[in-house]
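Trainee: Before anything else, here's the structure in question.
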Amino acid sequence: MTTSGYNFGYLDEQTKRMIRRAILKAVAIPGYQVPFGSREMPLPYGWGTGGIQVTASIIGRNDTLKVIDQGADDTTNAVNIRRFFARVTGVATTTRTAAASIIQTRHRIPETPLREGQILVYQVPIPEPLRWLEARETETRRMHALAEYGAMRVKLYEDIARFGHIATTYDYPVTVNHRYIMRPSPIPKFDNPKMHRNPALQLFGAGREKRIYAVPPYTDVKSLDFDDHPFEVQRWDSACALCGSHESFLDEVIVDDAGSRMFVCSDSEYCASRRDAGYQGDGLPQKRAQAREARP
Amino acid sequence: MSEPLLLATGLTKRFGRRAAVAEVGFELHPGEVLGLVGESGSGKTTLLRLLSGQMAPDEGRVEFRSRDGEMLDLYALSEPRRRLLMRTDWGYVHQQARDGLRMAVSAGANVGERLMAQGARHYGDIRAAALDWLGRVEIAVDRIDDAPASFSGGMQQRLQIARNLVTRPRLVFMDEPTAALDVSVQARLLDLLRQLVGELGLAVVLVTHDLAVARLLAHRLVVMKDGRAVEEGLTDQVLDDPQHPYTQLLVSSVLQA
């Protein structure tokens, strides 16, 4: 099903070499943003061009690719990027986290723990964590070079002053390897602890902003916080309605016009594998209500 | 007499063939307020930028005494050290408060920013320091979570001063701090500045074209004309008995109310 007329992995070999050099530099300096010559891709900026270029440069014939978008394997973006790579490389694709050697992701880190040898490729819209603070690129680079990061906490201060707690819930800034401050891309802060000393290699590609950065395996990743307001992840009162998990990141889904809602795992593969293993949640809200009425 | 805190020697800055500042030198001692006066275009602001590390001079040196007594050549320092100096030991009060403030975040965050930049990691402490300083510059403490955009011009200027003084700098540069304010607000701000300068023993380099402001705040004056310091002396002496013809002109052109 490989389409002929394209080089393996869509990009030409020179481009792949250039991107690999950028990736090597990024791995050597964890959290540092390496500029690279982002190419025009057959989809618009903002749809994952950075992640696709990184994946295209590292993918080999023996790789198995998984693509997720908001944790799901079956959303438009995930389906299309997976199909794109199947056509231009002919490599095997999968939805199973454990079976994949490369996982390209947008907005989530899979619930299934990653292992050594796997590569997680993030799609990044805005790579610069200091951008909201300082509009000039020359100045933000200097701030990175001199590790002048104190003002990053101004945003957290504002959150606490306004809401009483740190209300930033996604794209939560982290310090990588005790040196560079990095934007983890718009993943929920629920996933931040998974980046810390992860055995897998984590690569970040920003196509429009033309930056690549990386977190090598087993690197310390610490989320920013205050001594008296430590970093915390969100928790839910309910479990997943489908698989009953208390540990996963839950999406709230409205299921009918009456406003009934249920919480389900955002990681569809994790949820499905738990259901296959026999776990079960409370099900749809109506059914729960019916079950309550049926009780004597 | 104490040793100088800031020492400028032979400062010259040219823009093309025109010298904006030519061979200016002076000493500033701890706790002293030095006024730079002169008409528009006389090189006051350029000189301030040379002194405050924002622009390297073509000739001359700027030296600053560090807390451990060592004289540091400002433009021979490494960039990280110079920037550290600027955000710890120095303050800079802009003419327009919005140039010196972060308008998108609350007043409290504006005051706390320099503390956080120095490594403060305890929200409660930062908050307490912000409240303390808002009180000291006479801003109602219940405005701590309001955006500076909702403040009046005078309040914004006082907030900017609080933001600079929270890290206890030893030297503050002020570029026409009262020029954007109306007269009654000016008077209150001057009063406040005079009180803070006295309390904290600040050394101040004050740029102003307003001789009344200079008389109220400055201990000594340097009169600038076409990039040169034409007269220097104690404030009352310069204003009451001007020697240089230009200073005489300047003093005599003040409008009498």
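Just so we're on the same page: first chain in the structure tokens is A, next is B, and so on; residues restart at 1 for each chain, and ligands are numbered from 1 in the order they show up.
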Got a sec: who's within 10 Å of Met143 in chain A, counting only C-alpha atoms, leaving out chain neighbours fewer than 5 positions off, as a VMD selection string?

Mentor: (chain A and resid 130 134 137 to 138 148 to 150) or (chain B and resid 80)

Trainee: Quick one: contact table of chain A to chain B, 12 Å max, nearest atom pair and distance in Å to one decimal per residue, counting only C-alpha atoms, chain and number order, as a tab-separated table?

Mentor:
```
residue	atom	partner	partner_atom	distance
A:Trp132	CA	B:Ala104	CA	10.1
A:Leu133	CA	B:Arg102	CA	8.9
A:Glu134	CA	B:Arg102	CA	10.3
A:Arg142	CA	B:Pro80	CA	9.6
A:Met143	CA	B:Pro80	CA	9.6
A:His144	CA	B:Pro80	CA	11.4
A:Ala145	CA	B:Pro80	CA	9.3
A:Leu146	CA	B:Pro80	CA	6.2
A:Ala147	CA	B:Pro80	CA	9.3
A:Glu148	CA	B:Ala117	CA	7.2
A:Tyr149	CA	B:Ala117	CA	6.8
A:Gly150	CA	B:Ala117	CA	3.6
A:Ala151	CA	B:Ala117	CA	5.3
A:Met152	CA	B:Met116	CA	8.3
A:Arg153	CA	B:Met116	CA	6.7
A:Val154	CA	B:Ala109	CA	5.9
A:Lys155	CA	B:Val105	CA	8.1
A:Leu156	CA	B:Tyr123	CA	9.3
A:Tyr157	CA	B:Ala109	CA	6.5
A:Glu158	CA	B:Ala109	CA	6.5
A:Asp159	CA	B:Val105	CA	10.1
A:Ile160	CA	B:Tyr123	CA	8.4
A:Ala161	CA	B:Asp145	CA	6.7
A:Arg162	CA	B:Asp145	CA	7.2
A:Phe163	CA	B:Asp145	CA	10.9
A:Gly164	CA	B:Tyr123	CA	11.0
A:His165	CA	B:Tyr123	CA	10.6
A:Ile166	CA	B:Tyr123	CA	11.0
A:Leu224	CA	B:Arg121	CA	9.8
A:Asp225	CA	B:Arg121	CA	7.7
A:Phe226	CA	B:Arg121	CA	5.0
A:Asp227	CA	B:His122	CA	5.0
A:Asp228	CA	B:His122	CA	5.7
A:His229	CA	B:Tyr123	CA	7.1
A:Pro230	CA	B:His122	CA	9.9
```

Trainee: Please, could you write that set of residues out with N, CA and C atoms as a tab-separated table (two decimals), in the first residue's frame?

Mentor:
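See selection_19.tsv below for the written result:
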```tsv
chain	number	residue	atom	x	y	z
A	132	TRP	N	5.19	34.64	26.40
A	132	TRP	CA	4.12	35.48	26.94
A	132	TRP	C	4.71	36.63	27.77
A	133	LEU	N	5.95	36.40	28.24
A	133	LEU	CA	6.61	37.34	29.14
A	133	LEU	C	7.40	38.36	28.35
A	134	GLU	N	7.96	37.92	27.23
A	134	GLU	CA	8.89	38.74	26.48
A	134	GLU	C	8.67	38.45	24.99
A	142	ARG	N	18.51	35.25	25.17
A	142	ARG	CA	19.48	35.69	26.18
A	142	ARG	C	19.04	35.20	27.56
A	143	MET	N	17.73	35.28	27.83
A	143	MET	CA	17.23	34.83	29.13
A	143	MET	C	17.50	33.34	29.32
A	144	HIS	N	17.33	32.55	28.25
A	144	HIS	CA	17.65	31.12	28.34
A	144	HIS	C	19.14	30.92	28.58
A	145	ALA	N	19.95	31.68	27.84
A	145	ALA	CA	21.40	31.50	27.94
A	145	ALA	C	21.88	31.80	29.36
A	146	LEU	N	21.28	32.82	29.99
A	146	LEU	CA	21.73	33.22	31.32
A	146	LEU	C	20.88	32.59	32.42
A	147	ALA	N	19.95	31.72	32.02
A	147	ALA	CA	19.03	31.06	32.97
A	147	ALA	C	18.31	32.08	33.84
A	148	GLU	N	17.84	33.16	33.24
A	148	GLU	CA	17.06	34.16	33.98
A	148	GLU	C	15.59	33.80	33.93
A	149	TYR	N	15.21	32.92	34.85
A	149	TYR	CA	13.87	32.35	34.77
A	149	TYR	C	12.95	32.81	35.89
A	150	GLY	N	13.44	33.70	36.75
A	150	GLY	CA	12.65	34.07	37.92
A	150	GLY	C	11.27	34.57	37.57
A	151	ALA	N	11.18	35.38	36.51
A	151	ALA	CA	9.90	36.01	36.18
A	151	ALA	C	8.88	34.99	35.68
A	152	MET	N	9.31	33.76	35.34
A	152	MET	CA	8.35	32.74	34.91
A	152	MET	C	7.29	32.49	35.97
A	153	ARG	N	7.66	32.72	37.21
A	153	ARG	CA	6.72	32.44	38.29
A	153	ARG	C	5.65	33.52	38.44
A	154	VAL	N	5.83	34.64	37.71
A	154	VAL	CA	4.82	35.69	37.77
A	154	VAL	C	3.45	35.14	37.38
A	155	LYS	N	3.46	34.27	36.38
A	155	LYS	CA	2.20	33.71	35.90
A	155	LYS	C	1.55	32.83	36.99
A	156	LEU	N	2.39	32.04	37.66
A	156	LEU	CA	1.85	31.20	38.73
A	156	LEU	C	1.34	32.06	39.87
A	157	TYR	N	2.08	33.16	40.17
A	157	TYR	CA	1.63	34.09	41.20
A	157	TYR	C	0.24	34.62	40.86
A	158	GLU	N	0.07	35.03	39.59
A	158	GLU	CA	-1.22	35.56	39.17
A	158	GLU	C	-2.33	34.54	39.39
A	159	ASP	N	-2.05	33.30	39.07
A	159	ASP	CA	-3.05	32.24	39.25
A	159	ASP	C	-3.48	32.15	40.71
A	160	ILE	N	-2.50	32.12	41.61
A	160	ILE	CA	-2.82	31.95	43.03
A	160	ILE	C	-3.56	33.18	43.53
A	161	ALA	N	-3.10	34.40	43.11
A	161	ALA	CA	-3.75	35.62	43.57
A	161	ALA	C	-5.20	35.65	43.12
A	162	ARG	N	-5.46	35.14	41.93
A	162	ARG	CA	-6.80	35.22	41.37
A	162	ARG	C	-7.70	34.07	41.79
A	163	PHE	N	-7.15	32.84	41.79
A	163	PHE	CA	-8.00	31.67	41.99
A	163	PHE	C	-7.69	30.93	43.29
A	164	GLY	N	-6.64	31.33	43.98
A	164	GLY	CA	-6.31	30.66	45.23
A	164	GLY	C	-5.46	29.42	45.03
A	165	HIS	N	-5.26	29.02	43.79
A	165	HIS	CA	-4.38	27.88	43.51
A	165	HIS	C	-3.81	28.07	42.12
A	166	ILE	N	-2.83	27.27	41.76
A	166	ILE	CA	-2.24	27.39	40.42
A	166	ILE	C	-3.23	26.82	39.42
A	224	LEU	N	7.33	23.73	37.50
A	224	LEU	CA	7.53	24.95	38.29
A	224	LEU	C	6.48	25.05	39.40
A	225	ASP	N	6.87	25.53	40.56
A	225	ASP	CA	5.87	25.77	41.60
A	225	ASP	C	6.44	26.70	42.67
A	226	PHE	N	5.65	26.95	43.70
A	226	PHE	CA	6.11	27.71	44.87
A	226	PHE	C	6.30	26.75	46.03
A	227	ASP	N	7.16	27.13	46.98
A	227	ASP	CA	7.39	26.27	48.14
A	227	ASP	C	6.09	26.01	48.91
A	228	ASP	N	5.25	27.07	49.00
A	228	ASP	CA	4.02	26.90	49.79
A	228	ASP	C	2.82	26.56	48.91
A	229	HIS	N	3.03	26.45	47.60
A	229	HIS	CA	1.97	25.98	46.70
A	229	HIS	C	2.59	24.96	45.75
A	230	PRO	N	2.85	23.76	46.24
A	230	PRO	CA	3.55	22.78	45.40
A	230	PRO	C	2.71	22.34	44.20
```

Trainee: When you look at range 253-268 of chain A with a cut-off of 8 Å (counting only C-alpha atoms), what residues show up, excluding the ones that are within fewer than 2 positions of it in the same chain? I need them as a ChimeraX atom specification.

Mentor: /A:70-73,110-111,238-243,245,248-251,270-272,284-286

Trainee: Between CA of Thr89 in chain A and CA of Phe8 in chain A, what is the distance in Å, rounded to a tenth?

Mentor: 5.2 Å

Trainee: Compare B:Ala180, B:Leu211, B:Val205, B:Val141 by their minimum atom-to-atom distance to Lys44 in chain B, counting only C-alpha atoms, and give me the closest one.

Mentor: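 Ranking B:Ala180, B:Leu211, B:Val205, B:Val141 by distance to Lys44 in chain B, first place goes to B:Val205.
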
Trainee: May I have the residues within 10 Å of His94 in chain B as a list in words, using only C-alpha atoms and disregarding those fewer than 5 positions away in the same chain?

Mentor: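 Near neighbours after the sequence-gap exclusion: Asp99, Gly100, Leu101, Gln157, Gln160, Ile161, Phe173, Met174, Asp175, Glu176, Pro177 and Thr178 of chain B.
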
Trainee: Any chance you could export the current selection's N, CA, C and O atoms as a compact mmCIF listing (two decimals), in the first residue's frame?

Mentor:
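part.txt written:
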```txt
# COMPACT_ATOMS: atom_id res chain seq x y z
N ASP B 99 6.02 51.87 30.65
CA ASP B 99 7.27 51.29 30.15
C ASP B 99 7.95 50.43 31.21
O ASP B 99 8.71 49.52 30.89
N GLY B 100 7.70 50.76 32.46
CA GLY B 100 8.39 50.05 33.53
C GLY B 100 7.53 49.00 34.20
O GLY B 100 8.02 48.25 35.02
N LEU B 101 6.25 48.95 33.86
CA LEU B 101 5.35 48.00 34.50
C LEU B 101 4.96 46.91 33.52
O LEU B 101 5.05 47.08 32.32
N GLN B 157 2.72 55.37 38.69
CA GLN B 157 4.10 55.79 38.92
C GLN B 157 4.57 55.32 40.30
O GLN B 157 5.70 54.87 40.45
N GLN B 160 5.33 51.70 40.13
CA GLN B 160 6.61 51.47 39.49
C GLN B 160 7.75 51.66 40.48
O GLN B 160 8.74 50.93 40.48
N ILE B 161 7.59 52.64 41.34
CA ILE B 161 8.62 52.89 42.35
C ILE B 161 8.68 51.73 43.34
O ILE B 161 9.76 51.23 43.66
N PHE B 173 17.94 54.89 39.17
CA PHE B 173 17.94 55.87 38.10
C PHE B 173 16.50 56.30 37.85
O PHE B 173 15.62 55.46 37.75
N MET B 174 16.29 57.60 37.74
CA MET B 174 14.93 58.08 37.49
C MET B 174 14.96 59.01 36.29
O MET B 174 15.69 59.99 36.27
N ASP B 175 14.15 58.66 35.29
CA ASP B 175 14.08 59.46 34.07
C ASP B 175 12.79 60.26 34.10
O ASP B 175 11.73 59.73 33.81
N GLU B 176 12.86 61.51 34.47
CA GLU B 176 11.70 62.40 34.53
C GLU B 176 10.51 61.72 35.23
O GLU B 176 9.46 61.54 34.63
N PRO B 177 10.66 61.32 36.48
CA PRO B 177 9.61 60.52 37.11
C PRO B 177 8.28 61.25 37.28
O PRO B 177 7.25 60.62 37.44
N THR B 178 8.31 62.55 37.25
CA THR B 178 7.07 63.29 37.51
C THR B 178 6.54 64.01 36.27
O THR B 178 5.49 64.64 36.34
```

Trainee: In terms of the shortest atom-to-atom distance over only C-alpha atoms, which of A:Thr97, A:Thr140, A:Arg106, A:Gly117 is closest to Ser273 in chain A?

Mentor: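 Checking each candidate against Ser273 in chain A, we get A:Thr97 as the closest.
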